[in-house]
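A.B. asks: My questions all concern the structure below.
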Amino acid sequence: MQTYDDRPSFGMPGSKGKSRGKGKGFDHRAASGTQWQRENRPDRGAAGEQDNGKGRKGKGWMRGNGASRPSQREGGVRADAGSPSGNSNRGCDADEEKQQILDRVAAFKKEGFSKLDLLEIVVEASPTVLANTEVAQAILGACGSLLKNFSEASRNDFEVVLWAVENDGSALSHASVAMRGNKEVVLRAVQTSQHALRFASKELQSDAAVVLQAVRSHGSALQFASDDLRADRAVVLEACKQNGSALRFASEALRADGELVLE
């Protein structure tokens, strides 16, 4: 069996291609290869300490020296706190936080934003500031679907829900039961989403005025109307004018009506 001293050399100083046990000028018992590497690294002294006092490669961190890697946070504050997406709300009073949120939303609208950008603002905001009507209008006017992240009280607030559905009618799904049964809210919602009627109360799904508004905006909304209105010739005709394929959502009798198809 090959012993430690008989293993081939790995090119350590003094080995000259021979085995470690026979290398000239190098005592493997006194200093292993690992120790040699540690003592001869260009950025460390003989005792393995850094020669520049600032950490490996000047980055201010080194394994084992007690220093930590550079962090993206300093004192608990994000490094990008000055950017539109930075978390700059902590430690502020309500008025300062409100203004910072409004400024961030304005910046997102100007520079382009995603739903995740606005969601970050909502998550970071304090409940008191998020309930502020000006803040709610700014956020929901930009992304109505974020209504689901607002408080129960806000989702039952007429103005707040109205701002949300005017941007995205599908936000009606996050509104309170009372708001889903509010005719004015639903009339606004069906204009901005083909799916809004789906989330309206059963009573409003049977309301001819609401359904007509829905199918005139989105013919396919006919599928969410009550059975009676899907069998109503006038309603189905309006839906087909907006979207010919809406006929498939009409009652069986109207789908077989040759005259309606010709119209």
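Residue names in the structure tokens use chain letters A, B, ... in the order shown, residue numbers from 1 in each chain, and ligand numbers from 1 in the order shown.
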If DSSP is run on the backbone, what residues of range 125-173 of chain A are helix (DSSP H, G or I)? A reply as a PyMOL selection string would be ideal.

C.D. replies: chain A and resi 127-130+133-142+144-149+154-156+158-167+169-173

A.B. asks: Filtering to N, CA and C atoms, could you give me those residues as a short mmCIF file (atom, residue, chain, number, x, y, z; two decimals), in the first residue's frame?

C.D. replies:
```cif
data_model
loop_
_atom_site.label_atom_id
_atom_site.label_comp_id
_atom_site.auth_asym_id
_atom_site.auth_seq_id
_atom_site.Cartn_x
_atom_site.Cartn_y
_atom_site.Cartn_z
N PRO A 127 -50.89 50.89 8.20
CA PRO A 127 -52.33 50.82 7.98
C PRO A 127 -53.00 52.18 7.98
N THR A 128 -52.52 53.08 8.85
CA THR A 128 -53.12 54.41 8.93
C THR A 128 -52.95 55.18 7.64
N VAL A 129 -51.74 55.16 7.09
CA VAL A 129 -51.46 55.91 5.86
C VAL A 129 -52.14 55.24 4.67
N LEU A 130 -52.18 53.91 4.66
CA LEU A 130 -52.81 53.20 3.54
C LEU A 130 -54.31 53.49 3.48
N THR A 133 -57.36 58.53 1.99
CA THR A 133 -58.06 58.51 0.70
C THR A 133 -57.15 58.92 -0.47
N GLU A 134 -56.27 59.87 -0.22
CA GLU A 134 -55.38 60.32 -1.30
C GLU A 134 -54.39 59.23 -1.69
N VAL A 135 -53.89 58.52 -0.71
CA VAL A 135 -52.96 57.42 -0.96
C VAL A 135 -53.67 56.27 -1.68
N ALA A 136 -54.86 55.93 -1.18
CA ALA A 136 -55.63 54.85 -1.80
C ALA A 136 -55.98 55.16 -3.24
N GLN A 137 -56.35 56.39 -3.50
CA GLN A 137 -56.72 56.77 -4.87
C GLN A 137 -55.51 56.69 -5.81
N ALA A 138 -54.34 57.12 -5.32
CA ALA A 138 -53.14 57.08 -6.14
C ALA A 138 -52.75 55.65 -6.49
N ILE A 139 -52.79 54.77 -5.50
CA ILE A 139 -52.37 53.38 -5.72
C ILE A 139 -53.39 52.61 -6.55
N LEU A 140 -54.65 52.69 -6.17
CA LEU A 140 -55.69 51.92 -6.86
C LEU A 140 -56.00 52.50 -8.23
N GLY A 141 -55.76 53.78 -8.41
CA GLY A 141 -55.95 54.38 -9.72
C GLY A 141 -54.91 53.89 -10.71
N ALA A 142 -53.79 53.38 -10.18
CA ALA A 142 -52.72 52.84 -11.02
C ALA A 142 -52.83 51.34 -11.18
N GLY A 144 -55.81 48.68 -9.88
CA GLY A 144 -57.01 48.38 -9.11
C GLY A 144 -57.00 47.05 -8.41
N SER A 145 -56.31 46.06 -8.98
CA SER A 145 -56.32 44.72 -8.40
C SER A 145 -55.66 44.66 -7.03
N LEU A 146 -54.91 45.72 -6.65
CA LEU A 146 -54.28 45.74 -5.33
C LEU A 146 -55.30 45.99 -4.23
N LEU A 147 -56.55 46.16 -4.60
CA LEU A 147 -57.60 46.32 -3.59
C LEU A 147 -57.59 45.16 -2.60
N LYS A 148 -57.20 43.99 -3.05
CA LYS A 148 -57.19 42.81 -2.17
C LYS A 148 -56.21 42.97 -1.02
N ASN A 149 -55.24 43.89 -1.14
CA ASN A 149 -54.26 44.10 -0.09
C ASN A 149 -54.66 45.20 0.89
N SER A 154 -61.59 49.35 3.92
CA SER A 154 -61.37 49.99 2.62
C SER A 154 -62.12 49.25 1.51
N ARG A 155 -62.17 47.93 1.60
CA ARG A 155 -62.85 47.14 0.58
C ARG A 155 -64.37 47.25 0.67
N ASN A 156 -64.81 47.92 1.73
CA ASN A 156 -66.24 48.18 1.89
C ASN A 156 -66.54 49.67 1.72
N PHE A 158 -67.13 52.88 -0.51
CA PHE A 158 -67.64 53.14 -1.85
C PHE A 158 -66.59 53.81 -2.75
N GLU A 159 -65.99 54.88 -2.27
CA GLU A 159 -65.03 55.62 -3.09
C GLU A 159 -63.80 54.78 -3.41
N VAL A 160 -63.28 54.08 -2.41
CA VAL A 160 -62.07 53.26 -2.61
C VAL A 160 -62.33 52.18 -3.65
N VAL A 161 -63.45 51.49 -3.51
CA VAL A 161 -63.78 50.42 -4.47
C VAL A 161 -64.02 51.00 -5.86
N LEU A 162 -64.62 52.15 -5.92
CA LEU A 162 -64.88 52.79 -7.21
C LEU A 162 -63.57 53.11 -7.93
N TRP A 163 -62.58 53.62 -7.20
CA TRP A 163 -61.28 53.91 -7.81
C TRP A 163 -60.65 52.63 -8.36
N ALA A 164 -60.81 51.55 -7.62
CA ALA A 164 -60.21 50.28 -8.04
C ALA A 164 -60.87 49.74 -9.30
N VAL A 165 -62.19 49.70 -9.34
CA VAL A 165 -62.88 49.09 -10.49
C VAL A 165 -62.82 49.98 -11.73
N GLU A 166 -62.63 51.26 -11.55
CA GLU A 166 -62.46 52.13 -12.72
C GLU A 166 -61.14 51.83 -13.43
N ASN A 167 -60.16 51.34 -12.68
CA ASN A 167 -58.89 50.94 -13.28
C ASN A 167 -58.95 49.51 -13.78
N GLY A 169 -61.93 46.40 -13.63
CA GLY A 169 -63.23 45.92 -13.17
C GLY A 169 -63.16 44.62 -12.41
N SER A 170 -62.14 43.80 -12.69
CA SER A 170 -62.01 42.53 -11.98
C SER A 170 -61.71 42.71 -10.50
N ALA A 171 -61.30 43.92 -10.12
CA ALA A 171 -61.05 44.20 -8.71
C ALA A 171 -62.33 44.08 -7.89
N LEU A 172 -63.47 44.03 -8.57
CA LEU A 172 -64.75 43.85 -7.88
C LEU A 172 -64.73 42.55 -7.07
N SER A 173 -63.94 41.59 -7.50
CA SER A 173 -63.85 40.31 -6.78
C SER A 173 -63.29 40.48 -5.38
#
```

A.B. asks: Excluding Asn243 in chain A and its own-chain neighbours fewer than 5 positions away, which residues fall within 12 Å of it when counting only C-alpha atoms? Please give them as a CSV table (one decimal) with N, CA and C atoms, in the first residue's frame.

C.D. replies:
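The resulting file, part.csv, is shown below:
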```
chain,number,residue,atom,x,y,z
A,194,GLN,N,-64.3,42.3,-18.8
A,194,GLN,CA,-65.4,41.4,-19.2
A,194,GLN,C,-65.8,40.4,-18.2
A,214,ALA,N,-72.8,45.8,-19.6
A,214,ALA,CA,-71.7,44.9,-19.7
A,214,ALA,C,-71.5,44.3,-21.1
A,215,VAL,N,-72.5,43.9,-21.7
A,215,VAL,CA,-72.4,43.3,-23.1
A,215,VAL,C,-72.1,44.3,-24.1
A,216,ARG,N,-72.4,45.6,-23.9
A,216,ARG,CA,-72.1,46.6,-24.9
A,216,ARG,C,-70.6,46.9,-24.8
A,217,SER,N,-70.0,46.7,-23.6
A,217,SER,CA,-68.6,46.9,-23.5
A,217,SER,C,-67.8,45.7,-23.8
A,218,HIS,N,-68.3,44.5,-23.4
A,218,HIS,CA,-67.6,43.3,-23.7
A,218,HIS,C,-68.7,42.2,-23.9
A,219,GLY,N,-68.9,41.9,-25.2
A,219,GLY,CA,-69.9,40.9,-25.6
A,219,GLY,C,-69.9,39.6,-24.8
A,220,SER,N,-68.7,39.1,-24.5
A,220,SER,CA,-68.5,37.8,-23.9
A,220,SER,C,-69.0,37.9,-22.4
A,221,ALA,N,-69.3,39.1,-21.9
A,221,ALA,CA,-69.8,39.2,-20.5
A,221,ALA,C,-71.2,38.5,-20.4
A,222,LEU,N,-71.8,38.3,-21.6
A,222,LEU,CA,-73.1,37.6,-21.6
A,222,LEU,C,-73.2,36.3,-20.8
A,236,VAL,N,-79.1,39.7,-26.1
A,236,VAL,CA,-78.2,38.8,-26.9
A,236,VAL,C,-77.8,39.5,-28.1
A,237,LEU,N,-78.7,40.3,-28.7
A,237,LEU,CA,-78.3,41.0,-30.0
A,237,LEU,C,-77.3,42.0,-29.7
A,238,GLU,N,-77.4,42.7,-28.6
A,238,GLU,CA,-76.4,43.7,-28.2
A,238,GLU,C,-75.0,43.1,-28.0
A,248,ARG,N,-72.6,32.1,-28.5
A,248,ARG,CA,-72.5,30.8,-27.9
A,248,ARG,C,-73.0,30.8,-26.4
A,249,PHE,N,-73.1,32.0,-25.8
A,249,PHE,CA,-73.5,32.1,-24.4
A,249,PHE,C,-75.0,32.3,-24.3
```

A.B. asks: Tell me, in Å to one decimal, how far CA of Met179 in chain A is from CA of Ala234 in chain A.

C.D. replies: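 If I compute the distance from CA of Met179 in chain A to CA of Ala234 in chain A, I get 27.7 Å.
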
A.B. asks: Between A:Asn132, A:Ser126, A:Gln100, A:Gln223, which one has atoms that come closest to Ser251 in chain A, using only C-alpha atoms?

C.D. replies: A:Gln223

A.B. asks: Take CA of Ala196 in chain A and CA of Arg180 in chain A and report the distance between them in Å, one decimal.

C.D. replies: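 Separation between CA of Ala196 in chain A and CA of Arg180 in chain A: 9.5 Å.
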
A.B. asks: Excluding same-chain residues fewer than 5 positions from Ala231 in chain A, what lies within 10 Å of it counting only C-alpha atoms, as a ChimeraX atom specification?

C.D. replies: /A:225-226,236,249-255
